[in-house]
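Heads up, the thing below is written out as structure tokens.
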Amino acid sequence: MTVRIGVIGTGAIGRDHARRINQVLAGGKVVALSDVNRASAEAVKADIAPDATVYATGEELIAAADVDAVLVTSWGATHEQYVLTAIAAGKPCFCEKPLATTAEGAKRIVDAEVAHGKRLVQVGFMRRYDAGYVALKEAVQTQTGAPIMVHAAHRNPTVPEAYTTPMAIHDTLIHEIDVFRWLLDDDYVEARVTFPRSCARTHAKLRDPQIVTLKTAKGVVINTEIFVNCHYGYDIQCEVVGEDGIARLPEPMAIQLRLGAKLQNAILTDWKDRFVASYDVELQDFLKAAANGTATGPTSWDGYMAAVTSDACVVGQEREGEAIAISYPARPALYA
Ligand code: NAI
Ligand code: NAD
Ligand code: ISE
């Protein structure tokens with residue numbers, strides 16, 4: 001079966017996901033596009049999906065009879081309305097992170113999916129599909145002994161002026177928030193934020209870098225540096241310290257050069273390249289489940305837990321150095 005896909009939001013990642021579906025993966029075809037900037041949807045139609053219909057609104061796209069499943073890749077603040085509309089239409093929906101920009105919004109999605117009675121939503125937490133993180137989880141479960149600490153870093157070379165201090169959490173750290181819950185099979189109880197002096201390359205509305213410390217229910221402490229004007233590259237680091245040893249996330253494959261009296265490995269500069277394979281695998285997983293009218297992978301509940309944790313971290317930014325408690329309701333049976 002070919003799953004007929006509608007894409008809402010055809011910017012950087014919407015375009016890239018449309019390319020994946022039409023040119024890389026099996027079992028799907030982009031038949032519908034929508035973007036508030038209609039020219040962007042028209043450009044994706046011209047370049048990638050010539051047979052697709054361009055709709056004026058995401059709601060019309062979701063309602064279209066020939067759309068079997070939906071990709072929500074518009075700006076974060078618009079995700080909730082489209083995911084709720086897709087659930088109401090009973091159509092599988094892949095939603096880029098964040099599932100919603102507030103915990104209340106994410107909870108409304110959880111409640112709607114639970115009321116529907118069957119999974120329809122997959123959240124775009126692609127790191128769970130990264131071969132490096134999968135190998136790291138295996139090593140943590142079988143070799144290093146019970147985890148005690150995690151040291152991590154999420155570094156972007158640069159960000160635009162519109163990227164402000166809370167976005168370091170909602171937009172960037174959210175990947176670590178999700179992947180460490182999954183990696184450690186644990187939940188968070190406390191968050192704390194510390195700001196070193198800001199780097200020279202940042203702007204007035206962004207304190208960069210920041211250090212976020214999360215504590216889990218099992219007592220693991222995770223320190224993550226978020227540095228989004230690090231200049232030198234796109235760099236994701238992670239080291240898990242266990243009772244018996246330490247496991248480290250592998251570096252992306254790179255040719256080693258002996259050149260000009262230096263031993264060198266190139267460092268990537270773009271998230272699109274760093275996680276290219278994971279995006280392929282997550283969307284292939286989505287197509288497979290959508291063909292059966294359901295969803296798999298990261299759940300609405302994972303999106304909700306990420307939102308609850310993000311909100312606590314943002315409070316932590318406002319109350320530097322203070323421990324902010326994280327609490328959440330019981331997990332519904334649908335996500336057991
Ligand atoms: P973008 O700004 O390049 O693209 C967003 C597009 O959505 C724009 O074309 C915009 O016109 C459109 N749009 C905005 N509101 C809309 C609405 N109500 N209806 C239809 N279209 C709308 O942004 P980008 O970088 O593609 O990010 C999109 C989403 O993807 C965000 O949620 C972001 O967090 C997520 N993302 C995830 C990444 C990952 O590693 N998983 C990487 C980059 C982005
Ligand atoms: P972008 O700005 O390049 O694209 C967003 C697009 O959405 C734009 O074309 C915009 O016109 C459109 N849009 C905005 N509101 C819309 C609406 N209401 N209806 C339809 N279209 C709308 O942004 P992006 O970098 O592609 O990011 C988009 C989403 O993807 C964000 O949620 C972001 O967090 C997520 N993202 C995820 C990753 C990842 O690694 N998983 C990486 C980048 C972005
Ligand atoms: C972007 O939206 C992503 O999701 C990238 O994976 C992340 O590294 C970046 O900081 C975000 O802005």
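Labels for the structure tokens follow display order: chains A, B, ..., residues from 1 in each chain, ligands from 1.
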*Grab me every residue within 6 Å of ligand 2, counting only C-alpha atoms and all ligand atoms, and send it over as number ranges by chain.*
A: 8-14, 34-37, 40, 58, 73-76, 78, 96-98, 124, 171
For the selection just defined, write its residues with C-alpha atoms to a file, as an mmCIF file, in the first residue's frame.
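Written file, out_25.cif:
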```cif
data_model
loop_
_atom_site.group_PDB
_atom_site.id
_atom_site.type_symbol
_atom_site.label_atom_id
_atom_site.label_comp_id
_atom_site.auth_asym_id
_atom_site.auth_seq_id
_atom_site.Cartn_x
_atom_site.Cartn_y
_atom_site.Cartn_z
ATOM 1 C CA ILE A 8 1.912 21.064 6.559
ATOM 2 C CA GLY A 9 4.850 23.487 6.714
ATOM 3 C CA THR A 10 7.287 23.243 3.817
ATOM 4 C CA GLY A 11 10.273 25.109 5.296
ATOM 5 C CA ALA A 12 13.675 23.588 5.990
ATOM 6 C CA ILE A 13 12.560 20.297 7.505
ATOM 7 C CA GLY A 14 9.175 19.977 5.720
ATOM 8 C CA SER A 34 0.269 23.525 2.691
ATOM 9 C CA ASP A 35 2.234 26.453 4.061
ATOM 10 C CA VAL A 36 1.212 29.907 5.319
ATOM 11 C CA ASN A 37 3.745 31.091 2.783
ATOM 12 C CA SER A 40 7.100 27.774 -0.248
ATOM 13 C CA GLY A 58 -3.614 22.823 7.047
ATOM 14 C CA THR A 73 6.516 20.424 10.036
ATOM 15 C CA SER A 74 5.375 24.013 10.491
ATOM 16 C CA TRP A 75 6.616 26.258 13.338
ATOM 17 C CA GLY A 76 6.281 24.778 16.792
ATOM 18 C CA THR A 78 1.189 25.774 15.182
ATOM 19 C CA GLU A 96 8.048 17.520 14.449
ATOM 20 C CA LYS A 97 9.253 18.528 17.894
ATOM 21 C CA PRO A 98 7.902 20.183 19.953
ATOM 22 C CA GLY A 124 9.900 13.692 15.571
ATOM 23 C CA ASP A 171 13.932 24.108 20.387
#
```
List as a PDB file with N, CA and C atoms, in the first residue's frame the protein and nucleic acid residues near Ala26 in chain A, meaning an atom at most 9 Å away when only C-alpha atoms are counted, but skip any in the same chain fewer than 4 places from it.
```
ATOM      1  N   THR A   2       0.500   2.243  -0.811  1.00  0.00           N
ATOM      2  CA  THR A   2       1.197   3.532  -0.767  1.00  0.00           C
ATOM      3  C   THR A   2       0.403   4.484   0.123  1.00  0.00           C
ATOM      4  N   ILE A  21      10.293  11.216   1.505  1.00  0.00           N
ATOM      5  CA  ILE A  21       9.153  10.359   1.188  1.00  0.00           C
ATOM      6  C   ILE A  21       9.102  10.069  -0.311  1.00  0.00           C
ATOM      7  N   ASN A  22       9.333  11.077  -1.135  1.00  0.00           N
ATOM      8  CA  ASN A  22       9.203  10.855  -2.581  1.00  0.00           C
ATOM      9  C   ASN A  22      10.446  10.275  -3.240  1.00  0.00           C
ATOM     10  N   GLN A 284      10.481   6.151   7.803  1.00  0.00           N
ATOM     11  CA  GLN A 284      10.125   4.833   7.262  1.00  0.00           C
ATOM     12  C   GLN A 284       9.234   4.105   8.269  1.00  0.00           C
ATOM     13  N   LEU A 287       5.742   5.529   8.024  1.00  0.00           N
ATOM     14  CA  LEU A 287       4.990   5.056   6.844  1.00  0.00           C
ATOM     15  C   LEU A 287       4.463   3.644   7.078  1.00  0.00           C
ATOM     16  N   LYS A 288       5.307   2.812   7.683  1.00  0.00           N
ATOM     17  CA  LYS A 288       4.924   1.417   7.924  1.00  0.00           C
ATOM     18  C   LYS A 288       3.701   1.346   8.851  1.00  0.00           C
TER      19      LYS A 288
END
```
_Residue nearest Glu243 in chain A - candidates A:Val220, A:Cys313, A:Gly293, A:Val30, atoms counted: only C-alpha atoms_ =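 Among the listed residues, A:Val220 lies closest to Glu243 in chain A.
In terms of minimum interatomic distance to Thr172 in chain A, A:His154 ranks closest within A:Arg128, A:Lys218, A:His154, A:Arg197, counting only C-alpha atoms.
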*May I ask for the distance between CA of Asp208 in chain A and atom 27 (O, counted along the ligand's line) of ligand 1, given in Å to one decimal place?*
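Going from CA of Asp208 in chain A over to atom 27 (O, counted along the ligand's line) of ligand 1, I get 20.7 Å.
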*Taking the chain letters and numbering used in this document, name the residues of range 25-62 of chain A that DSSP puts in strand (DSSP E), as an NGL selection string.*
:A and (28-34 or 53-55)
*Might you pull out every residue within 10 Å of Asp311 in chain A, with only C-alpha atoms counted and same-chain residues fewer than 3 positions away left off, and present them as number ranges by chain?*
A: 101-103, 166, 169-170, 191, 305-308, 314-317, 324, 326
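The residue that comes closest to Tyr129 in chain A, out of A:Tyr279, A:Phe286, A:Trp271, A:Trp182 and on the basis of only C-alpha atoms, is A:Tyr279.
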_Which of range 159-304 of chain A DSSP labels helix (DSSP H, G or I), written as a ChimeraX atom specification_ = /A:167-184,271-274,276-290,300-304
Kindly save the residues from that selection, with C-alpha atoms included, as a short mmCIF file (atom, residue, chain, number, x, y, z; two decimals), in the first residue's frame.
```cif
data_model
loop_
_atom_site.label_atom_id
_atom_site.label_comp_id
_atom_site.auth_asym_id
_atom_site.auth_seq_id
_atom_site.Cartn_x
_atom_site.Cartn_y
_atom_site.Cartn_z
CA MET A 167 14.37 28.49 22.72
CA ALA A 168 17.62 26.91 23.90
CA ILE A 169 15.28 24.66 25.87
CA HIS A 170 12.13 24.30 23.70
CA ASP A 171 13.93 24.11 20.39
CA THR A 172 17.35 22.63 21.17
CA LEU A 173 17.67 20.88 24.57
CA ILE A 174 14.33 19.16 23.92
CA HIS A 175 16.23 16.51 21.93
CA GLU A 176 18.40 15.66 24.97
CA ILE A 177 15.36 15.80 27.25
CA ASP A 178 13.70 13.11 25.16
CA VAL A 179 16.68 10.95 24.29
CA PHE A 180 17.95 10.67 27.88
CA ARG A 181 14.52 9.56 29.17
CA TRP A 182 14.67 6.85 26.51
CA LEU A 183 18.37 6.00 26.99
CA LEU A 184 18.10 5.66 30.79
CA TRP A 271 21.75 19.11 11.92
CA LYS A 272 20.38 17.93 8.55
CA ASP A 273 23.66 16.11 7.89
CA ARG A 274 24.33 14.94 11.46
CA VAL A 276 20.33 12.38 8.04
CA ALA A 277 20.05 8.61 8.51
CA SER A 278 17.86 8.90 11.63
CA TYR A 279 15.31 11.07 9.82
CA ASP A 280 15.13 8.39 7.11
CA VAL A 281 14.56 5.59 9.63
CA GLU A 282 11.98 7.49 11.74
CA LEU A 283 9.88 8.36 8.70
CA GLN A 284 10.12 4.83 7.26
CA ASP A 285 8.78 3.64 10.63
CA PHE A 286 5.97 6.20 10.37
CA LEU A 287 4.99 5.06 6.84
CA LYS A 288 4.92 1.42 7.92
CA ALA A 289 2.61 2.10 10.89
CA ALA A 290 0.47 4.59 8.94
CA SER A 300 2.34 11.91 22.47
CA TRP A 301 3.14 10.99 26.07
CA ASP A 302 6.87 11.39 25.28
CA GLY A 303 6.04 14.76 23.69
CA TYR A 304 4.08 15.73 26.81
#
```
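Proximity of A:Pro252, A:Leu25, A:Arg4, A:Ser327 to Ala217 in chain A, computed with only C-alpha atoms, is greatest for A:Ser327.
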Go through range 229-303 of chain A residue by residue and, counting only C-alpha atoms, keep those with an atom at most 12 Å from range 137-143 of chain A; for each kept residue give the shortest atom pair and its distance in Å to one decimal, ordered by chain and increasing number, as a Markdown table.
```
| residue | atom | partner | partner_atom | distance |
| --- | --- | --- | --- | --- |
| A:Cys238 | CA | A:Lys137 | CA | 11.5 |
| A:Glu239 | CA | A:Val140 | CA | 10.3 |
| A:Val240 | CA | A:Val140 | CA | 7.5 |
| A:Val241 | CA | A:Val140 | CA | 8.8 |
| A:Gly242 | CA | A:Val140 | CA | 7.5 |
| A:Glu243 | CA | A:Gln143 | CA | 9.6 |
| A:Asp244 | CA | A:Gln143 | CA | 7.6 |
| A:Gly245 | CA | A:Gln143 | CA | 7.6 |
| A:Ile246 | CA | A:Val140 | CA | 8.4 |
| A:Ala247 | CA | A:Ala139 | CA | 6.7 |
| A:Arg248 | CA | A:Ala139 | CA | 9.2 |
| A:Leu249 | CA | A:Lys137 | CA | 9.5 |
| A:Pro250 | CA | A:Ala139 | CA | 11.9 |
```
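Note that CA of Gly27 in chain A and CA of Val114 in chain A are 27.2 Å apart.
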*Counting only C-alpha atoms, what is within 7 Å of Val221 in chain A, bar same-chain residues fewer than 5 positions away, as a list in words?*
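With the cut-off at 7 Å, the set is Ile148, Met149, Val150, Thr213, Leu214, Lys215 and Thr216 of chain A.
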*Using only C-alpha atoms, which residue out of A:Ala146, A:Ile255, A:Leu71, A:Val31 lies closest to Val54 in chain A?*
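Closest to Val54 in chain A, using only C-alpha atoms: A:Val31.
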